[in-house]
Amino acid sequence: MSASPPLVATVSSAHSAARRFLSLVLIHGVLIAGALFMLAPFIWMLVTSIKPPAEIFSAEIALWPKQFYGVENYRFAMEKAPLLRFALNGVILCAGILVVQLLVAIPCAYALAKLDFPGRNLLFVLVLLGLCIPVQVPAMPLYIGLAQLGLLNTYFAMMVPFFLSVFAIFLFRQFFRSFPDDIINAARLDGMSEFEIVWRIVTPSAWPAIAAFAVFSIVAHWNDLYWPLIVISDAKLAPPPLGMMFFADAETGSNYGALTAAATILTAPLVLAFLIARRRFIDGITMTGVK
Amino acid sequence: MATVTLSSIAKSFGPTRVLGGVDLDIADGEFLTLVGPSGCGKSTLIRIIAGLEHQDGGAVTIGGQPVDHLRPHERRVAMVFQSYALYPHMSVRQNIALPLTMSRLKLWQRLPLLRALSGQRRAVMRGIEADVAAAAAQLQLDHLLDRKPAQLSGGQRQRVALGRAMVRHPDVFLMDEPLSNLDAKLRVHMRTELAELHKRLGATFIYVTHDQVEAMTMSDRVAMMDSGTILQLGTPSQLYEKPGSLKVAQFIGSPAINLLPASVGAGGRLELFGRPMSLTVQQPQGQAMTLGVRSEALSLVQGEPAGAGRAWFSARLRRKENLGSEYILHFDLAGRDLPGVTMRTSPAQAASVAEAAEVTLGFDEAACHLFAADGERIEPRGPGVASASIVPLRA
């Protein structure tokens with residue numbers, strides 16, 4: 001290369017620069033297309049929520065309404081539906097589930113990752129098998145059990161099937177396995193019990209994994225319609241999706257502007273939570289090898 | 001302060017036998033080093049003493065008390081790990097204080113919220129603060145107390161790990177390759193510091209390393225281990241001057257000992273490269289032996305290579321290594337398919353040898369070590385060897 005005349009060098013470097021530019025354009029083009037595809041329903045919801053009814057049903061596709069109707073839609077949604085109540089129910093539901101899931105899954109994952117006891121591998125296989133069982137399978141017996149105990153229409157009934165998350169056990173086990181044994185041994189020599197090691201030494205280092213799992217768990221249960229629909233008939237206890245359903249039936253009929261406005265309000269907390277935990281979420285996913 | 005006694009400690013991991021009945025008596029206040037190649041069982045042994053691992057057979061006593069039923073923290077031992085094992089989310093202060101909060105506060109006094117109810121807690125915490133400050137001052141960590149481990153250099157982390165071990169005044173310090181992660185210069189410095197710390201504290205130190213230099217420079221006694229047994233136990237100079245087996249001879253000393261093939265000739269007379277020496281052994285004629293000569297025992301022979309009690313062979317200089325105060329000369333054994341030999345000598349001597357020169361190397365036959373084919377040390381009889389100087393090799 002050094003022996004060739006400078007002209008050839010510039011031509012070929014210009015050529016390679018062009019190729020690099022082209023490949024960048026191609027890669028970003030594909031990524032942008034994918035992002036648009038994912039975002040389209042969300043954007044459509046936002047746009048619809050500020051359109052007047054007439055424009056919603058017009059045949060043309062417009063990203064901005066001719067007449068800004070957002071104030072009316074949002075006011076209608078806020079006044080007619082107990083959105084704050086639904087959101088509060090969602091918070092109680094998600095927080096309750098998440099707290100119990102962490103309390104159960106973290107010690108369990110620690111035992112599977114770091115303690116040596118007979119049957120450990122068998123237990124782990126059982127956990128993996130648990131991952132394969134969809135929630136619909138135990139729905140019937142759970143419903144009957146809750147009905148017989150008179151616990152239908154309670155927060156507890158909404159939460160109880162999800163207290164034990166095999167996914168959390170699996171995720172935390174993967175994370176804890178990479179935790180140095182020496183530190184655990186040092187803690188044992190310093191006089192800590194296994195429970196204290198779990199909560200005071202191992203858990204503080206697992207924040208990325210906890211944040212990642214929290215996002216999975218909260219998104220799943222905030223948006224869950226299936227189980228609340230089965231055990232909840234009281235609108236006062238309804239979490240966001242069920243509340244939306246009650247709202248759509250009773251109040252709005254086909255007022256899609258108000259409906260999407262309500263949906264926007266109810267999705268906002270999730271989006272905010274993810275934006276706040278984004279860095280940790282991504283760390284947690286990459287560190288545990290779950291993709 | 002305490003003695004540590006191990007009696008026939010055995011341990012297997014599945015079918016692999018890691019320790020095969022280790023016996024060891026460690027005196028109160030002694031600095032004992034377990035040295036050996038990786039996988040020799042030394043780390044497993046120290047973890048058994050700490051209580052982190054359970055032996056399959058045998059017993060451990062510390063200070064005359066059997067400790068096999070005790071959990072690690074009840075054994076009054078502290079351990080320093082190769083990776084330092086600091087708690088990553090705690091400051092240096094919290095790291096050093098942790099063993100004290102564990103031993104001086106009750107469980108409920110350590111719990112969040114509940115601990116606010118304890119009136120004594122504040123007084124106890126003040127005492128802990130004072131002890132932490134004292135330990136930190138001893139190790140020159142005062143200005144680092146509020147940092148996290150991730151913000152410290154390797155040497156500083158090492159000090160914090162030492163501080164965390166020191167602060168509860170254990171009877172026995174267990175150190176598992178504590179200097180292995182440090183750079184060469186810092187390692188030399190920390191060697192001195194550890195030796196001084198041992199002198200100052202007067203506690204029993206059990207130190208594990210694969211580095212024979214660390215073993216030689218710091219210890220009162222060294223136990224050389226291989227494949228789960230102690231090959232030889234003795235002072236550093238005993239191991240160096242009277243290695244009990246070929247493995248010990250090869251492991252201890254830098255540069256490594258020179259090994260030459262010898263054989264037993266007529267009348268039990270030892271022969272080196274076919275030339276009879278003045279040493280005799282009881283082995284049958286024709287038996288192959290290994291002769292070990294330390295690099296400082298070799299010297300250049302000028303003129304006629306002879307003299308009673310001196311052996312010699314010819315070699316060709318391959319390379320000179322300048323260490324400043326001395327030279328290491330690397331020789332090939334001319335015409336023989338053998339690894340070369342090294343000689344440690346003065347700069348003046350080294351200057352007298354030209355590159356690739358053929359020279360004659362000689363050594364005092366009394367200074368050589370003789371090993372049978374199975375690696376056991378053989379004491380030869382001969383003019384320069386006084387049999388009275390033979391000391392028992394195994395304790």
# chains A, B, ... in the order shown; residues from 1 in each chain; ligands from 1
>>> interface_residues(of="chain A", to="chain B", cutoff="7 Å", atoms="only C-alpha atoms", output="list in words")
Asp182, Ile183, Asn185, Ala186, Arg188, Leu189, Asp190, Gly191, Met192, Ile201, Pro204 and Ser205 of chain A
>>> write_last_selection(atoms="N, CA and C atoms", output="JSON list (two decimals), in the first residue's frame")
[["chain", "number", "residue", "atom", "x", "y", "z"],
["A", 182, "ASP", "N", -15.57, -15.85, 47.64],
["A", 182, "ASP", "CA", -14.69, -15.36, 48.71],
["A", 182, "ASP", "C", -15.41, -14.35, 49.59],
["A", 183, "ILE", "N", -16.23, -13.50, 48.97],
["A", 183, "ILE", "CA", -16.91, -12.47, 49.77],
["A", 183, "ILE", "C", -17.92, -13.13, 50.71],
["A", 185, "ASN", "N", -17.66, -16.17, 51.88],
["A", 185, "ASN", "CA", -16.87, -16.82, 52.93],
["A", 185, "ASN", "C", -16.36, -15.81, 53.95],
["A", 186, "ALA", "N", -15.94, -14.64, 53.46],
["A", 186, "ALA", "CA", -15.48, -13.60, 54.38],
["A", 186, "ALA", "C", -16.61, -13.21, 55.32],
["A", 188, "ARG", "N", -19.08, -15.08, 56.26],
["A", 188, "ARG", "CA", -19.28, -16.18, 57.22],
["A", 188, "ARG", "C", -18.26, -16.07, 58.34],
["A", 189, "LEU", "N", -17.00, -15.78, 57.96],
["A", 189, "LEU", "CA", -15.96, -15.64, 58.99],
["A", 189, "LEU", "C", -16.22, -14.44, 59.88],
["A", 190, "ASP", "N", -16.85, -13.41, 59.33],
["A", 190, "ASP", "CA", -17.16, -12.23, 60.13],
["A", 190, "ASP", "C", -18.38, -12.45, 61.02],
["A", 191, "GLY", "N", -19.01, -13.61, 60.89],
["A", 191, "GLY", "CA", -20.08, -13.94, 61.82],
["A", 191, "GLY", "C", -21.48, -13.75, 61.28],
["A", 192, "MET", "N", -21.63, -13.58, 59.98],
["A", 192, "MET", "CA", -22.97, -13.37, 59.44],
["A", 192, "MET", "C", -23.68, -14.70, 59.23],
["A", 201, "ILE", "N", -25.31, -8.57, 52.05],
["A", 201, "ILE", "CA", -24.12, -8.62, 51.21],
["A", 201, "ILE", "C", -24.47, -8.86, 49.74],
["A", 204, "PRO", "N", -27.51, -6.17, 47.94],
["A", 204, "PRO", "CA", -27.11, -4.83, 47.50],
["A", 204, "PRO", "C", -26.33, -4.83, 46.19],
["A", 205, "SER", "N", -25.67, -5.95, 45.89],
["A", 205, "SER", "CA", -24.92, -5.99, 44.64],
["A", 205, "SER", "C", -25.82, -6.39, 43.47]]
>>> residues_around(residues="region 106-120 of chain A", least_positions_apart="4", cutoff="10 Å", atoms="only C-alpha atoms", output="PyMOL selection string")
chain A and resi 101-102+124-127+166+168-181+184+194-195+197-199+202-203+206+210
>>> residues_around(residues="Ser38 (chain B)", least_positions_apart="6", cutoff="10 Å", atoms="only C-alpha atoms", output="list of chain:residue names")
B:Thr209, B:His210, B:Met225, B:Asp226, B:Ser227
>>> write_last_selection(atoms="C-alpha atoms", output="short mmCIF file (atom, residue, chain, number, x, y, z; two decimals), in the first residue's frame")
data_model
loop_
_atom_site.label_atom_id
_atom_site.label_comp_id
_atom_site.auth_asym_id
_atom_site.auth_seq_id
_atom_site.Cartn_x
_atom_site.Cartn_y
_atom_site.Cartn_z
CA THR B 209 1.30 -19.32 48.69
CA HIS B 210 2.57 -20.88 45.52
CA MET B 225 2.87 -29.69 49.97
CA ASP B 226 2.22 -31.77 46.90
CA SER B 227 -0.76 -33.94 45.91
#
>>> atom_distance(atom1="CA of Val124 (chain B)", atom2="CA of Trp108 (chain B)")
13.9 Å
>>> residues_around(residues="Leu164 (chain A)", least_positions_apart="6", cutoff="8 Å", atoms="only C-alpha atoms", output="PDB file with C-alpha atoms, in the first residue's frame")
ATOM      1  CA  VAL A 100     -43.375 -10.732  47.889  1.00  0.00           C
ATOM      2  CA  GLN A 101     -41.710 -12.028  44.712  1.00  0.00           C
ATOM      3  CA  VAL A 104     -39.277 -15.280  48.161  1.00  0.00           C
ATOM      4  CA  ALA A 105     -37.110 -15.430  45.064  1.00  0.00           C
TER       5      ALA A 105
END
>>> closest_residue(among="A:Phe21, A:Leu63, A:Met244, A:Ile218", to="Ala40 (chain A)", atoms="only C-alpha atoms")
A:Leu63
